[in-house]
>>> print(open('target-v7.cif').read())   # mmCIF, C-alpha atoms
data_structure
loop_
_atom_site.group_PDB
_atom_site.id
_atom_site.type_symbol
_atom_site.label_atom_id
_atom_site.label_comp_id
_atom_site.auth_asym_id
_atom_site.auth_seq_id
_atom_site.Cartn_x
_atom_site.Cartn_y
_atom_site.Cartn_z
ATOM 1 C CA MET A 1 62.682 53.709 99.936
ATOM 2 C CA LYS A 2 63.519 50.184 98.838
ATOM 3 C CA ASP A 3 65.825 49.673 101.838
ATOM 4 C CA GLU A 4 63.170 51.024 104.158
ATOM 5 C CA PHE A 5 60.667 48.501 102.822
ATOM 6 C CA ILE A 6 63.124 45.636 103.216
ATOM 7 C CA ASN A 7 64.043 46.721 106.755
ATOM 8 C CA LYS A 8 60.366 46.934 107.645
ATOM 9 C CA LYS A 9 59.764 43.395 106.310
ATOM 10 C CA VAL A 10 62.770 42.084 108.281
ATOM 11 C CA GLU A 11 61.519 43.708 111.485
ATOM 12 C CA ASP A 12 58.020 42.307 110.906
ATOM 13 C CA ALA A 13 59.432 38.819 110.401
ATOM 14 C CA MET A 14 61.592 39.109 113.518
ATOM 15 C CA LYS A 15 58.545 40.150 115.559
ATOM 16 C CA SER A 16 56.281 37.467 114.080
ATOM 17 C CA LEU A 17 56.913 35.076 116.966
ATOM 18 C CA ASP A 18 55.857 37.602 119.606
ATOM 19 C CA GLY A 19 52.956 36.208 121.595
ATOM 20 C CA VAL A 20 53.256 32.757 120.014
ATOM 21 C CA GLN A 21 51.082 30.097 121.646
ATOM 22 C CA GLY A 22 52.323 26.595 122.413
ATOM 23 C CA ALA A 23 51.643 23.832 119.908
ATOM 24 C CA ASN A 24 49.884 20.763 121.291
ATOM 25 C CA PRO A 25 50.477 17.154 120.278
ATOM 26 C CA LEU A 26 47.629 15.012 118.974
ATOM 27 C CA PRO A 27 45.362 13.548 121.694
ATOM 28 C CA PHE A 28 46.139 10.202 123.356
ATOM 29 C CA LEU A 29 49.905 10.663 123.241
ATOM 30 C CA PHE A 30 50.322 8.436 126.300
ATOM 31 C CA THR A 31 48.474 5.553 124.606
ATOM 32 C CA ARG A 32 50.718 5.789 121.538
ATOM 33 C CA LEU A 33 53.748 6.082 123.782
ATOM 34 C CA GLU A 34 52.792 2.939 125.706
ATOM 35 C CA ALA A 35 52.199 1.053 122.455
ATOM 36 C CA ARG A 36 55.626 2.095 121.174
ATOM 37 C CA MET A 37 57.349 1.088 124.415
ATOM 38 C CA GLN A 38 55.574 -2.264 124.304
ATOM 39 C CA ASN A 39 56.636 -2.698 120.682
ATOM 40 C CA ASP A 40 60.267 -1.771 121.494
ATOM 41 C CA ARG A 41 60.234 -4.241 124.358
ATOM 42 C CA ASN A 42 58.847 -6.903 122.013
ATOM 43 C CA VAL A 43 61.658 -6.274 119.538
ATOM 44 C CA TRP A 44 64.289 -6.665 122.273
ATOM 45 C CA SER A 45 62.639 -9.736 123.755
ATOM 46 C CA LYS A 46 62.412 -11.277 120.260
ATOM 47 C CA LEU A 47 66.087 -10.506 119.674
ATOM 48 C CA SER A 48 67.168 -11.921 123.035
ATOM 49 C CA SER A 49 65.105 -15.105 122.589
ATOM 50 C CA PHE A 50 66.613 -15.535 119.104
ATOM 51 C CA VAL A 51 70.154 -15.152 120.454
ATOM 52 C CA ALA A 52 69.450 -17.505 123.373
ATOM 53 C CA ARG A 53 68.302 -20.389 121.127
ATOM 54 C CA PRO A 54 70.506 -23.539 121.646
ATOM 55 C CA ILE A 55 71.455 -23.663 117.972
ATOM 56 C CA MET A 56 72.672 -20.044 118.138
ATOM 57 C CA VAL A 57 74.683 -20.724 121.304
ATOM 58 C CA PHE A 58 76.193 -23.853 119.693
ATOM 59 C CA ALA A 59 77.026 -21.892 116.502
ATOM 60 C CA CYS A 60 78.694 -19.135 118.546
ATOM 61 C CA VAL A 61 80.788 -21.651 120.523
ATOM 62 C CA CYS A 62 81.830 -23.394 117.276
ATOM 63 C CA PHE A 63 82.735 -20.051 115.737
ATOM 64 C CA VAL A 64 84.917 -19.099 118.715
ATOM 65 C CA LEU A 65 86.605 -22.542 118.655
ATOM 66 C CA ILE A 66 87.325 -22.268 114.914
ATOM 67 C CA ILE A 67 88.805 -18.786 115.398
ATOM 68 C CA ASN A 68 90.991 -20.138 118.233
ATOM 69 C CA VAL A 69 92.225 -23.101 116.184
ATOM 70 C CA MET A 70 92.969 -20.805 113.248
ATOM 71 C CA VAL A 71 94.936 -18.378 115.416
ATOM 72 C CA ILE A 72 96.990 -21.231 116.965
ATOM 73 C CA PHE A 73 97.641 -22.809 113.557
ATOM 74 C CA LEU A 74 98.657 -19.502 111.975
ATOM 75 C CA SER A 75 100.941 -18.515 114.868
ATOM 76 C CA ASN A 76 102.677 -21.966 114.760
ATOM 77 C CA ASN A 77 103.154 -21.619 111.037
ATOM 78 C CA SER A 78 104.609 -18.132 111.322
ATOM 79 C CA ASP A 79 107.007 -19.346 114.120
ATOM 80 C CA ARG A 80 108.264 -22.126 111.829
ATOM 81 C CA ILE A 81 108.776 -19.655 108.962
ATOM 82 C CA THR A 82 110.739 -17.218 111.130
ATOM 83 C CA ALA A 83 112.947 -20.061 112.465
ATOM 84 C CA GLN A 84 113.634 -21.253 108.920
ATOM 85 C CA GLN A 85 114.352 -17.720 107.740
ATOM 86 C CA GLY A 86 116.694 -17.251 110.713
ATOM 87 C CA SER A 87 118.775 -20.336 109.842
ATOM 88 C CA GLU A 88 118.933 -19.272 106.192
ATOM 89 C CA LEU A 89 120.197 -15.861 107.196
ATOM 90 C CA ALA A 90 122.812 -17.381 109.483
ATOM 91 C CA THR A 91 124.092 -19.616 106.637
ATOM 92 C CA ALA A 92 124.261 -16.644 104.300
ATOM 93 C CA ASP A 93 126.135 -14.685 106.916
ATOM 94 C CA GLU A 94 128.645 -17.468 107.455
ATOM 95 C CA TYR A 95 129.107 -17.886 103.705
ATOM 96 C CA SER A 96 129.850 -14.185 103.223
ATOM 97 C CA GLN A 97 132.371 -14.323 106.070
ATOM 98 C CA VAL A 98 134.078 -17.312 104.462
ATOM 99 C CA SER A 99 134.195 -15.655 101.072
ATOM 100 C CA GLN A 100 135.531 -12.478 102.682
ATOM 101 C CA VAL A 101 138.360 -14.486 104.313
ATOM 102 C CA SER A 102 139.258 -16.311 101.108
ATOM 103 C CA TYR A 103 139.241 -13.022 99.211
ATOM 104 C CA ASN A 104 141.625 -11.544 101.782
ATOM 105 C CA LEU A 105 143.955 -14.532 101.477
ATOM 106 C CA TYR A 106 143.956 -14.145 97.698
ATOM 107 C CA ASP A 107 144.830 -10.463 98.116
ATOM 108 C CA LEU A 108 147.662 -11.316 100.465
ATOM 109 C CA GLU A 109 149.066 -13.842 98.026
ATOM 110 C CA ASN A 110 148.840 -11.330 95.157
ATOM 111 C CA ASN A 111 150.554 -8.630 97.137
ATOM 112 C CA LYS A 112 153.625 -10.751 97.664
ATOM 113 C CA PRO A 113 156.611 -9.270 95.898
ATOM 114 C CA MET B 1 50.926 15.360 143.558
ATOM 115 C CA ILE B 2 54.245 17.084 144.282
ATOM 116 C CA GLU B 3 56.937 16.890 141.590
ATOM 117 C CA THR B 4 59.465 15.132 143.846
ATOM 118 C CA GLU B 5 56.925 12.460 144.785
ATOM 119 C CA LEU B 6 56.123 11.928 141.109
ATOM 120 C CA ILE B 7 59.797 11.503 140.299
ATOM 121 C CA GLU B 8 60.271 9.029 143.137
ATOM 122 C CA LEU B 9 57.286 7.011 141.902
ATOM 123 C CA LEU B 10 58.623 7.152 138.353
ATOM 124 C CA LYS B 11 61.923 5.745 139.580
ATOM 125 C CA GLN B 12 59.897 2.761 140.783
ATOM 126 C CA LYS B 13 58.431 2.543 137.239
ATOM 127 C CA ASP B 14 54.964 3.511 138.400
ATOM 128 C CA ARG B 15 52.623 3.727 135.385
ATOM 129 C CA ALA B 16 50.287 6.357 136.882
ATOM 130 C CA ALA B 17 53.240 8.590 137.739
ATOM 131 C CA PHE B 18 54.575 8.230 134.206
ATOM 132 C CA LYS B 19 51.181 9.136 132.761
ATOM 133 C CA ASN B 20 51.023 12.161 135.052
ATOM 134 C CA ILE B 21 54.476 13.289 133.910
ATOM 135 C CA VAL B 22 53.598 12.822 130.231
ATOM 136 C CA ASP B 23 50.347 14.752 130.670
ATOM 137 C CA THR B 24 52.135 17.577 132.474
ATOM 138 C CA TRP B 25 55.085 18.050 130.150
ATOM 139 C CA GLN B 26 53.860 16.842 126.753
ATOM 140 C CA ASP B 27 52.953 20.331 125.471
ATOM 141 C CA MET B 28 56.322 21.761 126.513
ATOM 142 C CA VAL B 29 58.241 18.882 124.909
ATOM 143 C CA TYR B 30 56.157 18.866 121.728
ATOM 144 C CA ASN B 31 56.294 22.648 121.305
ATOM 145 C CA THR B 32 60.085 22.673 121.649
ATOM 146 C CA ALA B 33 60.456 19.730 119.284
ATOM 147 C CA ILE B 34 58.158 21.150 116.596
ATOM 148 C CA SER B 35 59.890 24.535 116.738
ATOM 149 C CA ILE B 36 63.316 22.972 116.245
ATOM 150 C CA LEU B 37 62.305 20.296 113.719
ATOM 151 C CA GLN B 38 59.579 22.248 111.885
ATOM 152 C CA ASN B 39 57.657 19.078 111.139
ATOM 153 C CA ALA B 40 54.684 17.695 113.095
ATOM 154 C CA GLU B 41 55.467 14.000 112.500
ATOM 155 C CA ASP B 42 59.105 14.369 113.487
ATOM 156 C CA ALA B 43 58.059 16.362 116.557
ATOM 157 C CA GLU B 44 55.667 13.570 117.627
ATOM 158 C CA ASP B 45 58.456 11.045 117.146
ATOM 159 C CA VAL B 46 60.925 13.078 119.192
ATOM 160 C CA THR B 47 58.307 13.709 121.898
ATOM 161 C CA GLN B 48 57.815 9.961 122.280
ATOM 162 C CA GLU B 49 61.572 9.317 122.292
ATOM 163 C CA THR B 50 62.019 12.011 124.946
ATOM 164 C CA PHE B 51 59.475 10.443 127.296
ATOM 165 C CA ILE B 52 60.902 6.965 126.752
ATOM 166 C CA GLN B 53 64.316 8.368 127.707
ATOM 167 C CA VAL B 54 62.777 10.101 130.747
ATOM 168 C CA PHE B 55 61.194 6.805 131.824
ATOM 169 C CA GLU B 56 64.363 4.781 131.291
ATOM 170 C CA SER B 57 66.907 7.151 132.809
ATOM 171 C CA VAL B 58 64.957 8.875 135.553
ATOM 172 C CA SER B 59 67.180 7.109 138.093
ATOM 173 C CA ALA B 60 70.051 9.255 136.738
ATOM 174 C CA PHE B 61 68.135 12.425 137.631
ATOM 175 C CA LYS B 62 69.713 13.648 140.872
ATOM 176 C CA GLY B 63 67.599 16.762 141.321
ATOM 177 C CA GLU B 64 70.555 19.127 140.828
ATOM 178 C CA SER B 65 68.492 21.052 138.260
ATOM 179 C CA LYS B 66 64.749 21.480 137.858
ATOM 180 C CA PHE B 67 62.954 18.475 136.376
ATOM 181 C CA SER B 68 61.660 20.644 133.517
ATOM 182 C CA THR B 69 65.256 21.718 132.713
ATOM 183 C CA TRP B 70 66.294 18.071 132.562
ATOM 184 C CA VAL B 71 63.349 17.249 130.275
ATOM 185 C CA TYR B 72 64.166 20.248 128.054
ATOM 186 C CA ARG B 73 67.775 19.022 127.828
ATOM 187 C CA ILE B 74 66.648 15.572 126.670
ATOM 188 C CA THR B 75 64.206 17.104 124.171
ATOM 189 C CA VAL B 76 66.839 19.366 122.611
ATOM 190 C CA SER B 77 69.367 16.544 122.438
ATOM 191 C CA LYS B 78 66.823 14.167 120.839
ATOM 192 C CA ALA B 79 65.747 16.848 118.347
ATOM 193 C CA MET B 80 69.375 17.492 117.360
ATOM 194 C CA ASP B 81 69.969 13.736 116.962
ATOM 195 C CA HIS B 82 66.889 13.573 114.757
ATOM 196 C CA ILE B 83 68.177 16.394 112.536
ATOM 197 C CA ARG B 84 71.565 14.654 112.211
ATOM 198 C CA LYS B 85 69.880 11.340 111.321
ATOM 199 C CA LYS B 86 67.716 13.063 108.733
ATOM 200 C CA LYS B 87 70.741 14.770 107.161
ATOM 201 C CA ARG B 88 72.549 11.422 107.015
ATOM 202 C CA LYS B 89 69.532 9.835 105.315
ATOM 203 C CA LYS B 90 69.359 12.734 102.858
ATOM 204 C CA ARG B 91 73.048 12.339 101.987
ATOM 205 C CA PHE B 92 72.613 8.585 101.573
ATOM 206 C CA ALA B 93 69.541 9.093 99.375
ATOM 207 C CA PHE B 94 71.508 11.589 97.279
ATOM 208 C CA ILE B 95 74.361 9.086 96.799
ATOM 209 C CA GLN B 96 71.840 6.377 95.924
ATOM 210 C CA SER B 97 70.201 8.687 93.398
ATOM 211 C CA LEU B 98 73.598 9.228 91.752
ATOM 212 C CA TYR B 99 73.818 5.489 91.186
ATOM 213 C CA GLY B 100 70.216 5.369 90.043
ATOM 214 C CA LYS B 101 69.150 3.189 92.977
ATOM 215 C CA ASN B 102 66.731 5.731 94.426
ATOM 216 C CA ASP B 103 64.192 7.294 92.146
ATOM 217 C CA LYS B 104 62.503 9.320 94.890
ATOM 218 C CA PRO B 105 63.049 13.034 94.242
ATOM 219 C CA LEU B 106 64.829 14.973 96.981
ATOM 220 C CA ILE B 107 62.326 17.702 97.727
ATOM 221 C CA ASP B 108 62.699 20.234 100.498
ATOM 222 C CA PRO B 109 59.699 20.231 102.854
ATOM 223 C CA PRO B 110 57.145 22.981 102.218
ATOM 224 C CA ASP B 111 57.020 26.106 104.390
ATOM 225 C CA PHE B 112 56.408 25.349 108.020
ATOM 226 C CA PHE B 113 53.487 27.046 109.747
ATOM 227 C CA HIS B 114 53.754 26.877 113.525
ATOM 228 C CA PRO B 115 50.259 26.132 114.900
ATOM 229 C CA GLY B 116 50.665 28.639 117.746
ATOM 230 C CA VAL B 117 51.461 31.689 115.606
ATOM 231 C CA ARG B 118 48.764 34.369 115.239
ATOM 232 C CA MET B 119 46.929 34.327 111.939
ATOM 233 C CA GLU B 120 48.195 37.764 110.863
ATOM 234 C CA ASN B 121 51.815 36.677 111.469
ATOM 235 C CA LYS B 122 51.651 33.292 109.706
ATOM 236 C CA GLU B 123 53.422 34.360 106.494
ATOM 237 C CA ASN B 124 56.164 36.298 108.255
ATOM 238 C CA ALA B 125 56.695 33.506 110.782
ATOM 239 C CA ALA B 126 57.039 30.960 107.950
ATOM 240 C CA VAL B 127 59.813 33.100 106.433
ATOM 241 C CA LEU B 128 61.475 33.410 109.833
ATOM 242 C CA PHE B 129 61.326 29.632 110.420
ATOM 243 C CA LYS B 130 62.849 29.056 106.977
ATOM 244 C CA ALA B 131 65.673 31.450 107.896
ATOM 245 C CA MET B 132 66.159 29.638 111.245
ATOM 246 C CA GLU B 133 66.944 26.492 109.278
ATOM 247 C CA GLN B 134 70.204 28.135 108.196
ATOM 248 C CA LEU B 135 71.383 28.914 111.739
ATOM 249 C CA PRO B 136 74.011 26.766 113.454
ATOM 250 C CA PRO B 137 72.332 24.242 115.845
ATOM 251 C CA ASN B 138 73.264 25.961 119.114
ATOM 252 C CA GLN B 139 72.081 29.379 117.892
ATOM 253 C CA LYS B 140 68.834 27.841 116.659
ATOM 254 C CA THR B 141 68.283 26.060 119.990
ATOM 255 C CA ALA B 142 68.903 29.214 122.027
ATOM 256 C CA PHE B 143 66.614 31.240 119.756
ATOM 257 C CA VAL B 144 63.774 28.684 119.931
ATOM 258 C CA LEU B 145 64.016 28.356 123.705
ATOM 259 C CA ASN B 146 63.958 32.124 124.096
ATOM 260 C CA LYS B 147 61.451 33.171 121.449
ATOM 261 C CA VAL B 148 59.046 30.227 121.307
ATOM 262 C CA GLU B 149 59.337 28.726 124.763
ATOM 263 C CA GLY B 150 59.898 32.081 126.471
ATOM 264 C CA LEU B 151 62.751 30.855 128.666
ATOM 265 C CA SER B 152 64.996 33.357 130.414
ATOM 266 C CA TYR B 153 68.743 33.526 129.738
ATOM 267 C CA ILE B 154 69.428 31.703 133.023
ATOM 268 C CA GLU B 155 67.019 28.890 132.138
ATOM 269 C CA ILE B 156 68.498 28.547 128.637
ATOM 270 C CA ALA B 157 71.973 28.452 130.188
ATOM 271 C CA GLU B 158 70.862 25.572 132.445
ATOM 272 C CA VAL B 159 69.279 23.637 129.572
ATOM 273 C CA MET B 160 72.251 24.096 127.250
ATOM 274 C CA GLU B 161 74.793 23.749 130.088
ATOM 275 C CA ILE B 162 76.602 26.960 129.179
ATOM 276 C CA SER B 163 77.105 30.309 130.936
ATOM 277 C CA ASP B 164 74.609 33.200 130.855
ATOM 278 C CA SER B 165 77.056 35.314 128.868
ATOM 279 C CA ALA B 166 77.423 32.518 126.310
ATOM 280 C CA VAL B 167 73.621 32.467 125.909
ATOM 281 C CA ASP B 168 73.660 36.229 125.453
ATOM 282 C CA ALA B 169 76.337 35.930 122.767
ATOM 283 C CA LEU B 170 74.486 33.056 121.046
ATOM 284 C CA LEU B 171 71.214 34.988 120.910
ATOM 285 C CA HIS B 172 72.946 38.122 119.703
ATOM 286 C CA ARG B 173 74.628 36.202 116.883
ATOM 287 C CA ALA B 174 71.395 34.330 116.067
ATOM 288 C CA LYS B 175 69.450 37.575 115.691
ATOM 289 C CA ALA B 176 72.199 39.199 113.606
ATOM 290 C CA ASN B 177 72.388 36.144 111.327
ATOM 291 C CA LEU B 178 68.614 35.972 110.965
ATOM 292 C CA LYS B 179 68.418 39.668 110.036
ATOM 293 C CA LYS B 180 71.121 39.159 107.425
ATOM 294 C CA ILE B 181 69.376 36.095 105.931
ATOM 295 C CA LEU B 182 65.987 37.835 105.933
ATOM 296 C CA LYS B 183 67.442 40.964 104.332
ATOM 297 C CA GLU B 184 68.935 38.899 101.504
ATOM 298 C CA TYR B 185 65.651 37.018 101.110
ATOM 299 C CA TYR B 186 63.497 40.151 100.889
ATOM 300 C CA ALA B 187 66.015 41.907 98.634
ATOM 301 C CA ALA B 188 65.921 38.963 96.219
ATOM 302 C CA LEU B 189 62.117 38.892 96.425
ATOM 303 C CA ASN B 190 61.946 42.611 95.689
ATOM 304 C CA LYS B 191 64.174 42.227 92.609
ATOM 305 C CA ASN B 192 61.889 39.629 90.996
#
>>> encode(input="target-v7.cif", output="C-alpha cells")
Amino acid sequence: MKDEFINKKVEDAMKSLDGVQGANPLPFLFTRLEARMQNDRNVWSKLSSFVARPIMVFACVCFVLIINVMVIFLSNNSDRITAQQGSELATADEYSQVSQVSYNLYDLENNKP
Amino acid sequence: MIETELIELLKQKDRAAFKNIVDTWQDMVYNTAISILQNAEDAEDVTQETFIQVFESVSAFKGESKFSTWVYRITVSKAMDHIRKKKRKKRFAFIQSLYGKNDKPLIDPPDFFHPGVRMENKENAAVLFKAMEQLPPNQKTAFVLNKVEGLSYIEIAEVMEISDSAVDALLHRAKANLKKILKEYYAALNKN
C-alpha cells in the first residue's frame, strides 16, 4: 500500500512536465541586450585607452628593459661562477692525483725488503 | 525575411537583423536556460550572453546544422558555464566563511516553479526540478531538451553533438536516476 502510494507519486512527478508551456523572458530583452553590449564595449574601450596611454607604454618598455638587463647580469654571473667552480675542481683533481702518486711511492719504498 | 538572409545580414552586423533574430529565438533560448538553471535572473543573464555570442561569432556559422540547433548549442554551453561559475563561487564563499571573511549564509535557493507548468502540476514539477539538480550535466541537458523543449532524439543528438543511441542511453539513465531520487524523496517524506 505504502509502495503503491510512493510509486504513484513518482509517476505523477515524472508526468508533471507533460504539456509544459514555454517560459518567456521579461519584455524589452533587446533593449537590455543592446545596453549590455554597449556597456561591454565601453569597458573594453576604457581598458584599451588605459593601456595605450604614453605613460603605460613607457612603463612597459622600462619593465621589459629591466627584465632584459637582469637576465643578462644573472647569466654573466652564473657563467663566472661555473668557470670558477670548474678551475677549483681541476685543482682538486690534480691534487688528489699528486697525493695518490706520492702515496704509491711511499708504498713502494716500504715494500722494499 | 528568410533565415539565410537574416544570417547573412547578421554577419554584416546589421542591427535590424539582430533584433529580428533576438525576437524570433528569445523564448526558445530563455526557456532552455531557465529549465537548466532553475532561476529567472540567471536565465536572463545566460539569454543575453547567448545572443551576444551569436552576434559575435555568427561568421563561424557555416550552415552545416540548422541555425536553431547552433543557438541551442550556445545556450546549453553558456548555461553549463554559468552553473560551473556558480559552483566555484559557492566553494569560494564556503572557504571564506571558514575563515570568517564572509558572513553571508549559504542558503540553497527555494523550490523552483517553472512558469510554463500547469497549475495542478506545480508542486510535482517543483519536486521533479529539485531531483533534476542531482543529475549529471549531460543527462540533465538531454532531459530538459526532450521534456521541456520537446526536441526529438535526432535534434538533441545534433545539439549535444553525440549519436542518437547515446541520446537514448542518456535519457534512459536520466529517467532511471530521477525515479530513484524521487522514490527516496517520497519514502523519506512518508516516514516523517
>>> interface_residues(input="target-v7.cif", of="chain A", to="chain B", cutoff="12 Å", atoms="all atoms listed in the file", output="ChimeraX atom specification")
/A:1-38,40-41
>>> atom_distance(input="target-v7.cif", atom1="CA of Ser152 (chain B)", atom2="CA of Ser77 (chain B)")
19.1 Å
>>> residues_around(input="target-v7.cif", residues="region 157-172 of chain B", least_positions_apart="2", cutoff="8 Å", atoms="all atoms listed in the file", output="PyMOL selection string")
chain B and resi 65+69-70+72-73+138-139+142-143+153-155+174-176
>>> atom_distance(input="target-v7.cif", atom1="CA of Glu133 (chain B)", atom2="CA of Ile74 (chain B)")
20.5 Å
>>> atom_distance(input="target-v7.cif", atom1="CA of Gly63 (chain B)", atom2="CA of Gln12 (chain B)")
16.0 Å
>>> closest_residue(input="target-v7.cif", among="B:Asn39, B:Val46, B:Glu5, B:Met132", to="Met80 (chain B)", atoms="all atoms listed in the file")
B:Val46
